[in-house]
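K.L.:
What follows is a structure written as structure tokens; I'll ask about it next.
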There are 2 protein chains.
Amino acid sequence: MSEGLRLRVHAAVNELGYVPNVAASRLASSRTHTIGVIVPTLYNVIFAEYLFALHEVLIDAGFQVLVVNSRYSEIEEENAIKALLGQRVEAIIIAGIHHTALSRQLLTQANLPVVETFELSDDPINLNIGMSQEHAGYVATRHLIERGFRRIAFLTGNLDHRAQSRFDGYHKAMRDADLPSAEIIAPKPRHSSVALGSELFAMAHECGNVPEAIFCTDDSLALGAMQECRKRGIRVPDDISIIGFHDLEFAACVSPSLSSIATRRYETGKLAAEKVLAALEAGAKPDMEQTDLGFALLPRESTSG
Amino acid sequence: MSEGLRLRVHAAVNELGYVPNVAASRLASSRTHTIGVIVPTLYNVIFAEYLFALHEVLIDAGFQVLVVNSRYSEIEEENAIKALLGQRVEAIIIAGIHHTALSRQLLTQANLPVVETFELSDDPINLNIGMSQEHAGYVATRHLIERGFRRIAFLTGNLDHRAQSRFDGYHKAMRDADLPSAEIIAPKPRHSSVALGSELFAMAHECGNVPEAIFCTDDSLALGAMQECRKRGIRVPDDISIIGFHDLEFAACVSPSLSSIATRRYETGKLAAEKVLAALEAGAKPDMEQTDLGFALLPRESTSG
DNA sequence: CTGAAAGCGCTAACAA
DNA sequence: TTGTTAGCGCTTTCAG
């Protein structure tokens with residue numbers, strides 16, 4: 001094609017605002033260059049950071065990322081899987097390891113790379129990148145027990161699978177130490193927020209039900225609880241110790257600084273994306289493989305009383 | 001079709017994991033049932049809440065939502081627009097009113113409903129739902145001026161268009177009151193976070209550059225600044241007043257509670273989605289129309305010194 | 001290198 | 001109601 005013609009075509013393309021129809025292209029080539037991602041919510045920084053990493057890797061590799069949220073519902077997740085398969089995505093990256101039977105079947109039969117993230121599965125569909133939420137819950141609780149506290153409560157707004165696993169870890173640690181469990185759980189499921197942490201703490205306080213230490217499923221809840229303590233003249237960590245989860249960006253810089261369990265959601269996303277690219281490169285569904293990204297206990301001022 | 005056959009087909013569908021190819025369906029029907037949404041970032045609760053509302057309305061109406069993030073870059077936004085048009089989305093909802101010339105042209109020529117959100121445009125492409133960021137900045141600053149402060153600084157991590165407009169409003173208010181402007185801006189653009197607020201305040205404090213009041217572009221920054229004050233023994237609001245922006249969920253429940261400007265991102269998303277549905281229903285690109293959703297000043301403890 | 005034509009997997013329109 | 005068929009807008013292959 002001559003240079004002149006090329007230019008005229010380009011001009012016409014711009015003039016007319018022509019944009020190729022990807023549906024046609026996908027149908028004809030049977031390549032979609034699209035990766036499907038399922039997350040339970042977009043309302044949570046954890047997933048924002050994870051998605052950020054996924055995008056970074058996948059977009060740069062020329063893939064489109066299709067994000068669907070399942071609103072913490074396994075049946076919505078099943079619909080999301082169908083929708084993504086209908087789009088003929090080339091791989092699926094899905095948060096969590098609990099799916100309906102049909103979801104599992106579809107993911108297995110689809111014969112494409114599947115990554116389950118954030119938890120460790122006993123029976124991965126294909127790839128699995130995560131950490132032991134239960135062990136992390138155990139370690140956080142042990143930290144409080146080792147500080148000498150006996151009345152330790154677990155605080156959460158909802159009990160999705162990951163929160164439940166942390167709760168299980170908490171129970172195990174308490175049982176191992178012969179201590180009674182106590183819980184501060186929202187009457188109806190609510191997503192974690194500073195406001196909710198403050199609300200739940202206030203509720204517990206008004207019931208005269210204030211423990212020596214609290215393990216919150218989430219740093220936002222922990223911050224809310226700390227703020228509510230201040231309002232009520234309860235000193236952290238002198239009167240009460242608080243530990244959060246995830247080591248959100250504010251944990252280190254609030255005052256008192258917040259003890260937490262650092263989790264690796266950026267790395268989770270990055271690794272998931274890289275594994276998917278490698279599998280697509282190799283042109284075959286990869287062998288089953290599990291990666292434990294671990295976590296880290298970060299003791300700070302809020303539990304140093 | 002007989003009931004028996006219907007059942008056998010269903011069984012086969014499940015057995016084989018058959019899922020229809022949407023690319024083929026789209027091509028054949030020239031309906032995609034997909035709405036394109038462009039946001040500058042997924043890292044910001046503001047957009048999470050907005051997307052939540054959009055999803056809620058559009059998914060229920062049987063549409064798929066394709067979210068692309070432009071990372072605050074007009075050229076990435078242009079690519080996003082091309083990608084969405086290539087997908088033959090039936091409408092585009094885009095945050096912001098500043099686009100490249102080609103972006104505008106594509107959006108105009110595409111002949112589909114387009115909603116620009118979060119700001120008010122002098123020259124909307126089609127639909128426009130937002131608020132005056134500049135006026136909101138003006139009102140926040142006036143609030144501090146009326147409290148009697150003279151040395152008032154503006155604090156931000158970056159100056160995207162919306163932050164810039166608030167900054168413009170701040171400047172105007174200061175000028176109108178014959179007061180000198182002062183700014184605490186991150187040396188290199190950073191997204192808002194508690195950690196950054198704390199960092200920027202620390203930086204200013206170390207330069208001996210501490211004003212009587214600060215207007216932060218964002219409640220997260222404001223919270224960070226407040227935390228850093230506490231660390232440094234500066235009392236809020238006795239020694240310094242702080243006002244944030246957006247009225248994030250924690251603003252009312254932190255201690256001291258944070259004055260802020262409430263913005264309506266949920267309503268923005270909801271209304272945008274509803275207008276799009278109405279337009280699609282009507283089957284024609286809607287007439288140009290602008291909606292000002294306004295904002296509200298919320299004075300709280302952090303500016304009551 | 002350029003051009004022509006088949007066909008991807010559906011939908012929709014029409015015929016039976 | 002059911003069955004048949006053209007064709008959506010590309011990619012790919014194959015012939016020129």
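Residues are named by chain letter and number: chains run A, B, ... in the order of the structure tokens, numbers start at 1 in each chain, and ligands are numbered from 1 in the order shown.
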Excluding Asn14 in chain B and residues on its chain fewer than 4 positions from it, collect all residues at most 12 Å away from it, counting only C-alpha atoms (C1' of nucleotides), and give them as number ranges by chain.

P.N.:
A: 82, 101-103, 105-106, 109; B: 7-10, 18-19

K.L.:
When the cut-off is 8 Å and we count only C-alpha atoms (C1' of nucleotides), which residues of chain D are near chain A, given as an MDAnalysis selection string?

P.N.:
chainID D and resid 8:11

K.L.:
Could the residues in this selection be saved with C-alpha atoms (C1' of nucleotides) as a compact mmCIF listing (two decimals), in the first residue's frame?

P.N.:
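For reference, part_38.txt as written:
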# COMPACT_ATOMS: atom_id res chain seq x y z
C1' DC D 8 -23.60 -9.24 10.99
C1' DG D 9 -17.91 -7.33 10.20
C1' DC D 10 -14.21 -9.02 10.73
C1' DT D 11 -9.77 -12.72 10.02

K.L.:
Tell me which protein, DNA and RNA residues are within 12 Å of Lys188 in chain A, counting only C-alpha atoms (C1' of nucleotides), leaving out same-chain ones fewer than 5 positions away, and put them as a PyMOL selection string.

P.N.:
chain A and resi 156-159+196+200

K.L.:
Could you please take those selected residues and save C-alpha atoms as a PDB file, in the first residue's frame?

P.N.:
ATOM      1  CA  THR A 156     -16.506  -7.853  62.414  1.00  0.00           C
ATOM      2  CA  GLY A 157     -19.280  -6.455  60.271  1.00  0.00           C
ATOM      3  CA  ASN A 158     -19.878  -9.601  58.253  1.00  0.00           C
ATOM      4  CA  LEU A 159     -18.616 -13.122  57.955  1.00  0.00           C
ATOM      5  CA  LEU A 196     -19.113   0.702  61.457  1.00  0.00           C
ATOM      6  CA  LEU A 200     -19.989  -1.617  66.910  1.00  0.00           C
TER       7      LEU A 200
END

K.L.:
I'd like the neighbourhood of Thr217 in chain A as a list in words, where a residue qualifies if any of its atoms comes within 7 Å (using only C-alpha atoms (C1' of nucleotides)), though same-chain residues fewer than 5 positions away should be ignored.

P.N.:
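Contacts, with the query itself left out: Leu155, Thr156, Ala163, Gly244 and Phe245 of chain A.
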
K.L.:
Can you write just those residues out, C-alpha atoms, as a compact mmCIF listing (two decimals), in the first residue's frame?

P.N.:
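Result written to again_38.txt:
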# COMPACT_ATOMS: atom_id res chain seq x y z
CA LEU A 155 -15.06 -7.72 65.93
CA THR A 156 -16.51 -7.85 62.41
CA ALA A 163 -13.56 -13.23 57.77
CA GLY A 244 -6.55 -4.76 62.91
CA PHE A 245 -6.00 -6.70 59.72

K.L.:
Counting only C-alpha atoms (C1' of nucleotides), a student should be able to say which residues of chain C come within 9 Å of chain B; what is the right answer, written as a list in words?

P.N.:
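The selection requested is DC8, DG9, DC10, DT11 and DA12 of chain C.
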
K.L.:
Produce a file of the selected residues containing N, CA, C and O atoms (P, O5', C5', C4', C3', O3' and C1' of nucleotides), as a JSON list (two decimals), in the first residue's frame.

P.N.:
[["chain", "number", "residue", "atom", "x", "y", "z"],
["C", 8, "DC", "P", -17.16, -22.01, 10.37],
["C", 8, "DC", "O5'", -16.88, -21.40, 11.81],
["C", 8, "DC", "C5'", -15.57, -21.02, 12.24],
["C", 8, "DC", "C4'", -15.67, -19.75, 13.07],
["C", 8, "DC", "C3'", -16.93, -19.71, 13.93],
["C", 8, "DC", "O3'", -16.62, -20.20, 15.22],
["C", 8, "DC", "C1'", -16.51, -17.60, 12.80],
["C", 9, "DG", "P", -17.48, -21.43, 15.80],
["C", 9, "DG", "O5'", -18.78, -20.70, 16.34],
["C", 9, "DG", "C5'", -18.65, -19.67, 17.30],
["C", 9, "DG", "C4'", -19.97, -18.97, 17.43],
["C", 9, "DG", "C3'", -21.17, -19.89, 17.68],
["C", 9, "DG", "O3'", -22.01, -19.21, 18.58],
["C", 9, "DG", "C1'", -21.61, -18.56, 15.84],
["C", 10, "DC", "P", -23.12, -19.94, 19.44],
["C", 10, "DC", "O5'", -23.93, -18.66, 19.91],
["C", 10, "DC", "C5'", -25.19, -18.38, 19.41],
["C", 10, "DC", "C4'", -25.15, -17.08, 18.61],
["C", 10, "DC", "C3'", -26.53, -16.58, 18.29],
["C", 10, "DC", "O3'", -26.91, -15.70, 19.33],
["C", 10, "DC", "C1'", -25.08, -16.46, 16.38],
["C", 11, "DT", "P", -28.49, -15.49, 19.55],
["C", 11, "DT", "O5'", -28.94, -14.55, 18.35],
["C", 11, "DT", "C5'", -28.48, -13.21, 18.31],
["C", 11, "DT", "C4'", -29.12, -12.51, 17.15],
["C", 11, "DT", "C3'", -30.64, -12.39, 17.23],
["C", 11, "DT", "O3'", -30.94, -11.09, 16.76],
["C", 11, "DT", "C1'", -30.06, -13.53, 15.25],
["C", 12, "DA", "P", -32.36, -10.47, 17.01],
["C", 12, "DA", "O5'", -32.97, -10.51, 15.54],
["C", 12, "DA", "C5'", -32.15, -10.04, 14.47],
["C", 12, "DA", "C4'", -32.87, -10.31, 13.17],
["C", 12, "DA", "C3'", -34.39, -10.18, 13.25],
["C", 12, "DA", "O3'", -34.83, -9.69, 11.99],
["C", 12, "DA", "C1'", -33.87, -12.36, 12.61]]

K.L.:
Taking only C-alpha atoms into account, what are the residues of chain B at most 8 Å from chain A, put as a ChimeraX atom specification?

P.N.:
/B:16-17,19-24,26-27,42-43,45,48-49,52,66-67,82,85-88,105-106,109-110,193-195,198,224,227-228,230-231,249-250,252-255

K.L.:
Pick out the residues sitting within 7 Å of Leu297 in chain A, and hand them over as a list in words; count only C-alpha atoms (C1' of nucleotides), and ignore anything fewer than 5 positions along from it in its own chain.

P.N.:
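Near Leu297 in chain A, the qualifying residues are Ala140, Ser260, Ile261 and Ala262 of chain A.
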
K.L.:
Using C-alpha atoms, can you write the selected residues to a file as a PDB file, in the first residue's frame?

P.N.:
ATOM      1  CA  ALA A 140      -3.166 -12.000  65.536  1.00  0.00           C
ATOM      2  CA  SER A 260      -2.055  -5.190  62.177  1.00  0.00           C
ATOM      3  CA  ILE A 261      -1.457  -8.216  59.990  1.00  0.00           C
ATOM      4  CA  ALA A 262       0.090  -7.187  56.692  1.00  0.00           C
TER       5      ALA A 262
END

K.L.:
I'd like to know which residues of range 17-137 of chain A are alpha helix (DSSP H) (by DSSP, run on the backbone); could you write them as a ChimeraX atom specification?

P.N.:
/A:22-29,45-60,74-86,101-109,133-137

K.L.:
I want to know what sits within 10 Å of Ile152 in chain A, based on only C-alpha atoms (C1' of nucleotides), with residues of the same chain fewer than 4 positions away left out; could you give that as number ranges by chain?

P.N.:
A: 141, 144-145, 170, 174, 179-183, 210-215, 240-242

K.L.:
Store the residues picked out above in a file with C-alpha atoms, as a CSV table (one decimal), in the first residue's frame.

P.N.:
chain,number,residue,atom,x,y,z
A,141,THR,CA,-5.0,-13.5,68.5
A,144,LEU,CA,-2.9,-10.4,72.1
A,145,ILE,CA,-2.8,-13.5,74.3
A,170,TYR,CA,-9.2,-16.6,66.6
A,174,MET,CA,-8.5,-18.9,72.4
A,179,LEU,CA,-9.8,-18.7,77.1
A,180,PRO,CA,-13.4,-18.0,76.4
A,181,SER,CA,-14.3,-16.5,73.0
A,182,ALA,CA,-16.3,-13.2,72.7
A,183,GLU,CA,-17.6,-11.6,69.6
A,210,VAL,CA,-15.8,-4.0,76.9
A,211,PRO,CA,-12.9,-6.5,76.7
A,212,GLU,CA,-9.2,-6.0,77.4
A,213,ALA,CA,-8.3,-6.4,73.8
A,214,ILE,CA,-10.1,-6.5,70.4
A,215,PHE,CA,-9.1,-8.2,67.2
A,240,ILE,CA,-7.7,-1.4,75.8
A,241,SER,CA,-5.5,-3.0,73.0
A,242,ILE,CA,-6.7,-3.1,69.4

K.L.:
Apply DSSP to the structure's backbone, then extract all residues of range 48-252 of chain A labelled strand (DSSP E) and return them as a PyMOL selection string.

P.N.:
chain A and resi 64-69+91-95+114-117+127-130+152-156+183-185+213-216+241-243

K.L.:
Given the selection you just returned, output its residues as a file containing C-alpha atoms, formatted as a PDB file, in the first residue's frame.

P.N.:
ATOM      1  CA  GLN A  64      -8.393  -6.225  28.198  1.00  0.00           C
ATOM      2  CA  VAL A  65      -9.543  -6.799  31.742  1.00  0.00           C
ATOM      3  CA  LEU A  66     -13.195  -7.499  32.374  1.00  0.00           C
ATOM      4  CA  VAL A  67     -14.047  -6.945  36.020  1.00  0.00           C
ATOM      5  CA  VAL A  68     -17.288  -8.302  37.421  1.00  0.00           C
ATOM      6  CA  ASN A  69     -18.336  -8.117  41.022  1.00  0.00           C
ATOM      7  CA  ALA A  91      -8.454 -16.843  31.537  1.00  0.00           C
ATOM      8  CA  ILE A  92     -10.342 -16.230  34.747  1.00  0.00           C
ATOM      9  CA  ILE A  93      -8.932 -14.799  37.951  1.00  0.00           C
ATOM     10  CA  ILE A  94     -11.348 -15.187  40.802  1.00  0.00           C
ATOM     11  CA  ALA A  95     -11.153 -14.078  44.420  1.00  0.00           C
ATOM     12  CA  VAL A 114      -8.106 -20.254  36.283  1.00  0.00           C
ATOM     13  CA  VAL A 115      -6.540 -18.545  39.282  1.00  0.00           C
ATOM     14  CA  GLU A 116      -8.226 -18.605  42.674  1.00  0.00           C
ATOM     15  CA  THR A 117      -6.826 -15.947  44.991  1.00  0.00           C
ATOM     16  CA  LEU A 127      -3.846 -22.212  39.994  1.00  0.00           C
ATOM     17  CA  ASN A 128      -4.138 -20.886  43.523  1.00  0.00           C
ATOM     18  CA  ILE A 129      -2.385 -17.892  45.049  1.00  0.00           C
ATOM     19  CA  GLY A 130      -3.188 -16.870  48.579  1.00  0.00           C
ATOM     20  CA  ILE A 152     -10.253 -10.764  73.938  1.00  0.00           C
ATOM     21  CA  ALA A 153     -13.095 -10.098  71.514  1.00  0.00           C
ATOM     22  CA  PHE A 154     -13.364 -10.582  67.777  1.00  0.00           C
ATOM     23  CA  LEU A 155     -15.065  -7.718  65.929  1.00  0.00           C
ATOM     24  CA  THR A 156     -16.506  -7.853  62.414  1.00  0.00           C
ATOM     25  CA  GLU A 183     -17.588 -11.591  69.624  1.00  0.00           C
ATOM     26  CA  ILE A 184     -18.840  -8.216  68.517  1.00  0.00           C
ATOM     27  CA  ILE A 185     -20.630  -8.844  65.245  1.00  0.00           C
ATOM     28  CA  ALA A 213      -8.335  -6.395  73.754  1.00  0.00           C
ATOM     29  CA  ILE A 214     -10.063  -6.541  70.383  1.00  0.00           C
ATOM     30  CA  PHE A 215      -9.078  -8.228  67.152  1.00  0.00           C
ATOM     31  CA  CYS A 216     -10.867  -6.479  64.271  1.00  0.00           C
ATOM     32  CA  SER A 241      -5.547  -2.971  73.025  1.00  0.00           C
ATOM     33  CA  ILE A 242      -6.664  -3.149  69.430  1.00  0.00           C
ATOM     34  CA  ILE A 243      -5.276  -5.041  66.466  1.00  0.00           C
TER      35      ILE A 243
END

K.L.:
For range 1-6 of chain C, please output as a list in words all residues within 10 Å (counting only C-alpha atoms (C1' of nucleotides); exclusion window: fewer than 6 positions along the same chain).

P.N.:
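The contact residues come out as Met1 of chain A; DT12, DT13, DC14, DA15 and DG16 of chain D.
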